[in-house]
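Below you'll find the structure, written out as C-alpha cells, and then a few comments.
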Amino acid sequence: MRRSNGFPRPLLTGNGVRAGFSLFMHLAYKVGRSAVWRVRPKNTQEDNMRQLIWAAAAIAALAVSGPAMADGPIVIKFSHVVASDTPKGKAADKFKELAEKYTDGKVKVEVYPNSTLYKDKEELEALQLGAVQMLAPSNSKFGPIGIREFEVFDLPYILPDLKTLRKVTDGPLGGRLLKLLDSKGMTGLAYWDNGFKQMTANKKLLAPADFKGLKFRIQSSKVLEAQFRALGSIPQVMAFGEVYQALQTGVVDGQENTWSNIYTQKMHEVQKYATVTNHGYIGYVVVVNKKFWDGLPADIRAGCEKAMKEATEYGNGQSAKENEDALAEIKKAARTEIVTLTPEQDEAMRKAMMPVYKDVASRVGQPLIDEFLKETGRSPIN
Ligand code: LMR
C-alpha cells in the first residue's frame, strides 16, 4: 500500500482492486436501478433507487478503500452525454491527454462519451456513489440533486455573449456557486462552454404564438420549464440521449439546443425548421467526486488541476467556432430550414419570455438573479 488516507486497509491492492471497485459500483448502480424500476410503483421509484444506490455504496466502501489507496494508475472515469466531436467532448479528451501527461501516467482517464455509461440524471447519482469520478453536466441539470442556483444560467436572454459569461464564471459569484457542490459530495473544478441555444421544430417558429400547444423536450430545469410555459408550450423533461428518437417519432414536437448538439445528434435530420434565437446558454460545470479528489496525493491532484486549467482554456477557446462549423454543416445538409428573425420578431420573443424572471425568482433566488445581472453589467432585455 503506497499511502494512507484514513480508509480501512484494503484486502487487495493494485489495479485489480481499482478495476473491481469501479466495476462493483457500476454494477451495483445498474442492478439497483433496474430492480427498482421493475418492482416499485412509479411515485416511489426515485426514492427507492437512491436508497439502493447508497446501500450499495456503503457496502462497497467497507469492502475496499478509496481510489488513491492502491498501486498502479489511478483511474478517472469521465462520463458525458454528448458526442466526442463537440466542445465538451473535445475538452474532456484534452483533459485526458494532459492529465496523463502531467502525472507521468500515474493517472489514467477513461472518457465515456454519448451516454455510453450513464444518461443525464443517472450520471450525477453515479458520481455521488463513486461509480465514476468526473462529469461535466450542463448548468441545467443540478436542480434534481438539490442545487437550484445553477439554473440562473438558464434564464432567457441573460447572457448576450461569452465574454459577458466570463465575468460571472471567473468572478466571485462563479466561485461561490462552485462551492455549493461540496455539500453534495462533489468538487466543482471548472466551467466549460458549449454555446447559445436555438429553437427547432417541425413548424416554423417566428413568433411566440407559433409555440402554443407544441411539446418541447427540456433539460431538467424549472427555469426551462417556465420558459416554455411562458410561450404556451408543453415542456417535457427528457434525457439528452433520448431526444433524437423522441423527435423522430413525434413524442415531442421540438427542442432547444446549440448548433453543435443539434448537428452531432442529427436532430436537423428530423426537424424541418431551426430558428436562430440565441435565447439561452448551455454551459457545463466540471465536477469530480469530492472524496476521490481529496484523497489524491497532492502532486497528482496538482497535475490534474493543471490539466483541467489548460483543457478549459482549450475547450472554451474554440466552442464558438465549433458551433459555427456545426451550423455550416447543418446548412450544407439542407435537411432543415434555418429561420432568422427580424429585429421586431426577436423583440417579441424576448418580451414573451421575460415573465420567467418573476416566475422563478423564489426558486432560483432574487438576490442571486440580481447579483448575476449586476456582474454582467446589463439588464436582460437589452
Ligand atoms: C442537453 O441535455 O440538451 C445538453 O445539456 C446536453 C449537453 O451535455 O450538452
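As shown in the C-alpha cells, the chain order sets the letters A, B, ...; within each chain, residues go from 1, and ligands are also counted from 1 in the order they appear.
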
Write out as a Markdown table a residue-level contact list of chain A versus ligand 1 with cut-off 6 Å: for each qualifying residue the closest pair of atoms and the distance in Å to one decimal, counting only C-alpha atoms and all ligand atoms, rows sorted by chain and residue number upward.
```
| residue | atom | partner | partner_atom_place_in_ligand_line | distance |
| --- | --- | --- | --- | --- |
| A:Val81 | CA | ligand 1 | 8 (O) | 5.6 |
| A:Val82 | CA | ligand 1 | 8 (O) | 5.5 |
| A:Pro137 | CA | ligand 1 | 8 (O) | 5.7 |
| A:Ser138 | CA | ligand 1 | 5 (O) | 4.7 |
| A:Gln219 | CA | ligand 1 | 2 (O) | 5.2 |
| A:Phe240 | CA | ligand 1 | 2 (O) | 4.2 |
| A:Asn257 | CA | ligand 1 | 3 (O) | 5.8 |
```

Exercise. Based on DSSP run over this structure's backbone, return all residues of stretch 314-368 of chain A in helix (DSSP H, G or I), as JSON, numbers by chain.
Key: {"A": [314, 315, 316, 317, 318, 319, 320, 321, 322, 323, 324, 325, 326, 327, 328, 329, 330, 331, 332, 333, 343, 344, 345, 346, 347, 348, 349, 350, 351, 352, 353, 355, 356, 357, 358, 359, 361, 362, 363, 364, 366, 367, 368]}

Hey, could you make a per-residue contact list for stretch 91-208 of chain A against stretch 365-379 of chain A with 9 Å as the cut-off, showing the nearest pair of atoms and its distance in Å to one decimal, counting only C-alpha atoms, sorted by chain and number, as a Markdown table?
```
| residue | atom | partner | partner_atom | distance |
| --- | --- | --- | --- | --- |
| A:Arg148 | CA | A:Gly365 | CA | 8.9 |
| A:Glu149 | CA | A:Gly365 | CA | 7.5 |
| A:Val152 | CA | A:Ile369 | CA | 6.5 |
| A:Phe153 | CA | A:Phe372 | CA | 8.9 |
| A:Ile158 | CA | A:Leu373 | CA | 7.6 |
| A:Leu159 | CA | A:Thr376 | CA | 7.8 |
| A:Thr164 | CA | A:Thr376 | CA | 5.7 |
| A:Leu165 | CA | A:Thr376 | CA | 7.2 |
| A:Arg166 | CA | A:Thr376 | CA | 8.8 |
| A:Lys167 | CA | A:Thr376 | CA | 6.3 |
| A:Val168 | CA | A:Glu375 | CA | 6.1 |
| A:Gly171 | CA | A:Glu375 | CA | 8.1 |
| A:Leu173 | CA | A:Phe372 | CA | 7.5 |
```

Quiz item: Which of these, A:Ala334, A:Val237, A:Ala328, A:Ala307, has the shortest distance to A:Gln271 once you count only C-alpha atoms?
Solution: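 Of A:Ala334, A:Val237, A:Ala328, A:Ala307, the one nearest A:Gln271, counting only C-alpha atoms, is A:Ala334.
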
If you take only C-alpha atoms and a cut-off of 9 Å, which residues of stretch 62-118 of chain A touch stretch 262-270 of chain A, and what are their nearest atom pairs and distances in Å to one decimal, in chain and number order, as a Markdown table?
```
| residue | atom | partner | partner_atom | distance |
| --- | --- | --- | --- | --- |
| A:Val82 | CA | A:Thr264 | CA | 8.1 |
| A:Ala83 | CA | A:Thr264 | CA | 6.4 |
| A:Ser84 | CA | A:Thr264 | CA | 9.0 |
| A:Asp85 | CA | A:Thr264 | CA | 7.4 |
| A:Thr86 | CA | A:Thr264 | CA | 7.5 |
```

Surrounding residues of A:Lys88 excluding itself and chain neighbours under 4 positions, 10 Å, only C-alpha atoms, as a short mmCIF file (atom, residue, chain, number, x, y, z; two decimals) with all heavy atoms, in the first residue's frame:
```
data_model
loop_
_atom_site.label_atom_id
_atom_site.label_comp_id
_atom_site.auth_asym_id
_atom_site.auth_seq_id
_atom_site.Cartn_x
_atom_site.Cartn_y
_atom_site.Cartn_z
N HIS A 80 -19.80 11.39 -20.04
CA HIS A 80 -20.63 12.51 -20.51
C HIS A 80 -21.62 12.05 -21.57
O HIS A 80 -21.56 10.90 -22.02
CB HIS A 80 -19.76 13.70 -20.97
CG HIS A 80 -18.93 13.49 -22.20
ND1 HIS A 80 -19.47 13.56 -23.45
CD2 HIS A 80 -17.60 13.25 -22.37
CE1 HIS A 80 -18.50 13.39 -24.35
NE2 HIS A 80 -17.36 13.18 -23.71
N VAL A 81 -22.53 12.95 -21.93
CA VAL A 81 -23.69 12.52 -22.74
C VAL A 81 -23.63 12.98 -24.20
O VAL A 81 -24.50 12.60 -24.99
CB VAL A 81 -25.02 13.01 -22.10
CG1 VAL A 81 -25.20 12.41 -20.71
CG2 VAL A 81 -25.12 14.53 -22.04
N VAL A 82 -22.63 13.79 -24.54
CA VAL A 82 -22.59 14.31 -25.92
C VAL A 82 -21.56 13.55 -26.76
O VAL A 82 -20.80 12.73 -26.24
CB VAL A 82 -22.29 15.83 -25.94
CG1 VAL A 82 -23.43 16.61 -25.32
CG2 VAL A 82 -20.97 16.14 -25.26
N ALA A 83 -21.53 13.88 -28.05
CA ALA A 83 -20.57 13.24 -28.95
C ALA A 83 -19.15 13.74 -28.63
O ALA A 83 -18.98 14.81 -28.04
CB ALA A 83 -20.94 13.58 -30.39
N SER A 84 -18.16 12.97 -29.06
CA SER A 84 -16.76 13.38 -28.82
C SER A 84 -16.43 14.64 -29.60
O SER A 84 -15.61 15.45 -29.18
CB SER A 84 -15.81 12.27 -29.25
OG SER A 84 -16.04 11.14 -28.46
N ALA A 92 -12.96 17.22 -22.80
CA ALA A 92 -12.75 16.02 -21.97
C ALA A 92 -11.57 15.21 -22.50
O ALA A 92 -10.72 14.74 -21.73
CB ALA A 92 -14.02 15.16 -21.96
N ASP A 93 -11.49 15.08 -23.82
CA ASP A 93 -10.36 14.34 -24.41
C ASP A 93 -9.04 15.07 -24.16
O ASP A 93 -8.00 14.44 -23.95
CB ASP A 93 -10.59 14.12 -25.91
CG ASP A 93 -11.71 13.13 -26.17
OD1 ASP A 93 -12.12 12.41 -25.22
OD2 ASP A 93 -12.21 13.06 -27.31
N LYS A 94 -9.10 16.39 -24.20
CA LYS A 94 -7.88 17.17 -23.93
C LYS A 94 -7.45 16.98 -22.47
O LYS A 94 -6.26 16.84 -22.17
CB LYS A 94 -8.15 18.66 -24.25
CG LYS A 94 -7.01 19.59 -24.01
CD LYS A 94 -5.75 19.25 -24.79
CE LYS A 94 -5.72 19.81 -26.19
NZ LYS A 94 -4.48 19.44 -26.93
N PRO A 113 -18.09 8.88 -23.79
CA PRO A 113 -18.97 9.89 -24.37
C PRO A 113 -20.38 9.35 -24.66
O PRO A 113 -20.64 8.16 -24.43
CB PRO A 113 -18.26 10.24 -25.68
CG PRO A 113 -17.60 8.97 -26.09
CD PRO A 113 -17.26 8.22 -24.82
N ALA A 136 -19.28 16.41 -16.62
CA ALA A 136 -19.47 17.84 -16.93
C ALA A 136 -20.93 18.05 -17.34
O ALA A 136 -21.22 18.34 -18.50
CB ALA A 136 -18.51 18.27 -18.03
N PRO A 137 -21.85 17.94 -16.38
CA PRO A 137 -23.27 18.15 -16.71
C PRO A 137 -23.54 19.63 -17.01
O PRO A 137 -22.81 20.50 -16.53
CB PRO A 137 -24.01 17.74 -15.43
CG PRO A 137 -22.98 17.12 -14.54
CD PRO A 137 -21.66 17.67 -14.96
N SER A 138 -24.57 19.89 -17.76
CA SER A 138 -24.90 21.29 -18.03
C SER A 138 -25.44 21.93 -16.75
O SER A 138 -25.92 21.24 -15.84
CB SER A 138 -25.93 21.39 -19.15
OG SER A 138 -27.19 20.99 -18.69
N TRP A 192 -17.16 24.93 -18.33
CA TRP A 192 -16.88 24.70 -19.75
C TRP A 192 -18.05 25.22 -20.59
O TRP A 192 -19.22 25.05 -20.23
CB TRP A 192 -16.71 23.20 -20.04
CG TRP A 192 -15.39 22.64 -19.59
CD1 TRP A 192 -14.35 23.30 -19.00
CD2 TRP A 192 -14.97 21.27 -19.72
NE1 TRP A 192 -13.32 22.43 -18.74
CE2 TRP A 192 -13.66 21.18 -19.17
CE3 TRP A 192 -15.56 20.11 -20.24
CZ2 TRP A 192 -12.94 19.98 -19.13
CZ3 TRP A 192 -14.84 18.91 -20.19
CH2 TRP A 192 -13.55 18.85 -19.65
N ASP A 193 -17.72 25.79 -21.72
CA ASP A 193 -18.76 26.31 -22.62
C ASP A 193 -19.28 25.27 -23.59
O ASP A 193 -18.51 24.43 -24.06
CB ASP A 193 -18.15 27.37 -23.56
CG ASP A 193 -17.92 28.68 -22.87
OD1 ASP A 193 -18.57 28.93 -21.84
OD2 ASP A 193 -17.08 29.45 -23.39
N ASN A 194 -20.54 25.40 -23.92
CA ASN A 194 -20.97 24.91 -25.22
C ASN A 194 -21.28 26.17 -26.02
O ASN A 194 -20.40 26.71 -26.66
CB ASN A 194 -22.17 23.96 -25.12
CG ASN A 194 -22.48 23.33 -26.46
OD1 ASN A 194 -22.32 23.96 -27.50
ND2 ASN A 194 -22.90 22.09 -26.48
N GLY A 283 -23.90 25.66 -20.86
CA GLY A 283 -22.52 25.51 -20.42
C GLY A 283 -22.49 24.42 -19.37
O GLY A 283 -23.54 23.94 -18.93
N TYR A 284 -21.29 24.05 -18.96
CA TYR A 284 -21.12 22.88 -18.08
C TYR A 284 -20.33 23.23 -16.83
O TYR A 284 -19.47 24.11 -16.85
CB TYR A 284 -20.38 21.78 -18.83
CG TYR A 284 -20.97 21.50 -20.19
CD1 TYR A 284 -20.29 21.87 -21.36
CD2 TYR A 284 -22.20 20.88 -20.31
CE1 TYR A 284 -20.83 21.62 -22.61
CE2 TYR A 284 -22.75 20.61 -21.56
CZ TYR A 284 -22.06 20.99 -22.69
OH TYR A 284 -22.61 20.74 -23.93
N VAL A 286 -17.71 21.26 -14.56
CA VAL A 286 -16.94 20.03 -14.41
C VAL A 286 -16.91 19.68 -12.93
O VAL A 286 -16.48 20.50 -12.10
CB VAL A 286 -15.50 20.18 -14.95
CG1 VAL A 286 -14.78 18.83 -14.90
CG2 VAL A 286 -15.51 20.71 -16.37
N THR A 312 -9.60 23.52 -20.06
CA THR A 312 -10.67 24.53 -20.02
C THR A 312 -10.37 25.66 -21.00
O THR A 312 -11.24 26.08 -21.78
CB THR A 312 -10.82 25.09 -18.58
OG1 THR A 312 -11.12 23.98 -17.71
CG2 THR A 312 -11.91 26.13 -18.48
N GLY A 315 -10.84 24.20 -24.56
CA GLY A 315 -12.24 23.98 -24.93
C GLY A 315 -13.00 25.29 -25.10
O GLY A 315 -13.69 25.50 -26.09
N ASN A 316 -12.83 26.18 -24.12
CA ASN A 316 -13.58 27.44 -24.17
C ASN A 316 -13.06 28.35 -25.29
O ASN A 316 -13.78 29.21 -25.77
CB ASN A 316 -13.51 28.16 -22.82
CG ASN A 316 -14.32 27.43 -21.76
OD1 ASN A 316 -15.01 26.47 -22.06
ND2 ASN A 316 -14.23 27.89 -20.52
N SER A 319 -15.09 26.83 -28.56
CA SER A 319 -16.50 26.41 -28.58
C SER A 319 -17.33 27.21 -29.58
O SER A 319 -18.19 26.65 -30.28
CB SER A 319 -17.10 26.52 -27.18
OG SER A 319 -17.01 27.86 -26.73
#
```

Exercise. Skip A:Gly254 itself and residues of its chain fewer than 2 positions away, then list as a list in words all residues within 9 Å of it, counting only C-alpha atoms.
Key: Met199, Thr200, Ala201, Asn202, Lys203, Leu214, Lys215, Phe216, Arg217, Leu247, Gly250, Val252, Glu256 and Gln271 of chain A

N, CA, C and O atoms of the current selection, written as a short mmCIF file (atom, residue, chain, number, x, y, z; two decimals), in the first residue's frame:
```cif
data_model
loop_
_atom_site.label_atom_id
_atom_site.label_comp_id
_atom_site.auth_asym_id
_atom_site.auth_seq_id
_atom_site.Cartn_x
_atom_site.Cartn_y
_atom_site.Cartn_z
N MET A 199 -33.99 27.27 -31.34
CA MET A 199 -35.24 26.51 -31.26
C MET A 199 -35.44 25.69 -32.53
O MET A 199 -35.28 26.23 -33.63
N THR A 200 -35.80 24.42 -32.38
CA THR A 200 -36.12 23.62 -33.57
C THR A 200 -37.50 22.99 -33.40
O THR A 200 -37.95 22.73 -32.29
N ALA A 201 -38.17 22.76 -34.54
CA ALA A 201 -39.49 22.12 -34.54
C ALA A 201 -39.83 21.71 -35.97
O ALA A 201 -39.09 22.02 -36.91
N ASN A 202 -40.96 21.07 -36.12
CA ASN A 202 -41.41 20.76 -37.48
C ASN A 202 -42.34 21.86 -37.99
O ASN A 202 -42.94 21.73 -39.05
N LYS A 203 -42.46 22.91 -37.19
CA LYS A 203 -43.27 24.05 -37.56
C LYS A 203 -42.37 25.27 -37.55
O LYS A 203 -41.46 25.36 -36.72
N LEU A 214 -47.33 23.28 -28.57
CA LEU A 214 -46.30 22.31 -29.01
C LEU A 214 -45.59 21.71 -27.80
O LEU A 214 -45.38 22.38 -26.79
N LYS A 215 -45.21 20.44 -27.95
CA LYS A 215 -44.46 19.77 -26.88
C LYS A 215 -42.97 19.95 -27.13
O LYS A 215 -42.47 19.61 -28.20
N PHE A 216 -42.27 20.49 -26.14
CA PHE A 216 -40.83 20.70 -26.27
C PHE A 216 -40.06 19.88 -25.26
O PHE A 216 -40.39 19.89 -24.06
N ARG A 217 -39.05 19.19 -25.74
CA ARG A 217 -38.15 18.50 -24.81
C ARG A 217 -37.32 19.55 -24.07
O ARG A 217 -36.81 20.49 -24.68
N LEU A 247 -37.90 13.07 -31.17
CA LEU A 247 -38.23 13.99 -32.27
C LEU A 247 -38.67 13.20 -33.50
O LEU A 247 -39.63 13.54 -34.19
N GLY A 250 -42.11 11.72 -32.96
CA GLY A 250 -43.17 12.68 -32.65
C GLY A 250 -43.61 12.67 -31.19
O GLY A 250 -44.65 13.24 -30.85
N VAL A 252 -42.15 14.31 -28.96
CA VAL A 252 -42.14 15.76 -28.75
C VAL A 252 -42.09 16.43 -30.13
O VAL A 252 -41.68 15.81 -31.12
N GLU A 256 -34.78 22.71 -27.80
CA GLU A 256 -33.82 23.83 -27.88
C GLU A 256 -32.43 23.27 -27.64
O GLU A 256 -32.26 22.45 -26.73
N GLN A 271 -35.99 17.48 -37.91
CA GLN A 271 -36.70 18.72 -37.59
C GLN A 271 -36.71 19.57 -38.87
O GLN A 271 -35.65 19.83 -39.47
#
```

Practice problem: Compare A:Ser220, A:Gln255, A:Asn139, A:Thr275 by their minimum atom-to-atom distance to A:Asp346, counting only C-alpha atoms, and give me the closest one. | Solution: A:Thr275
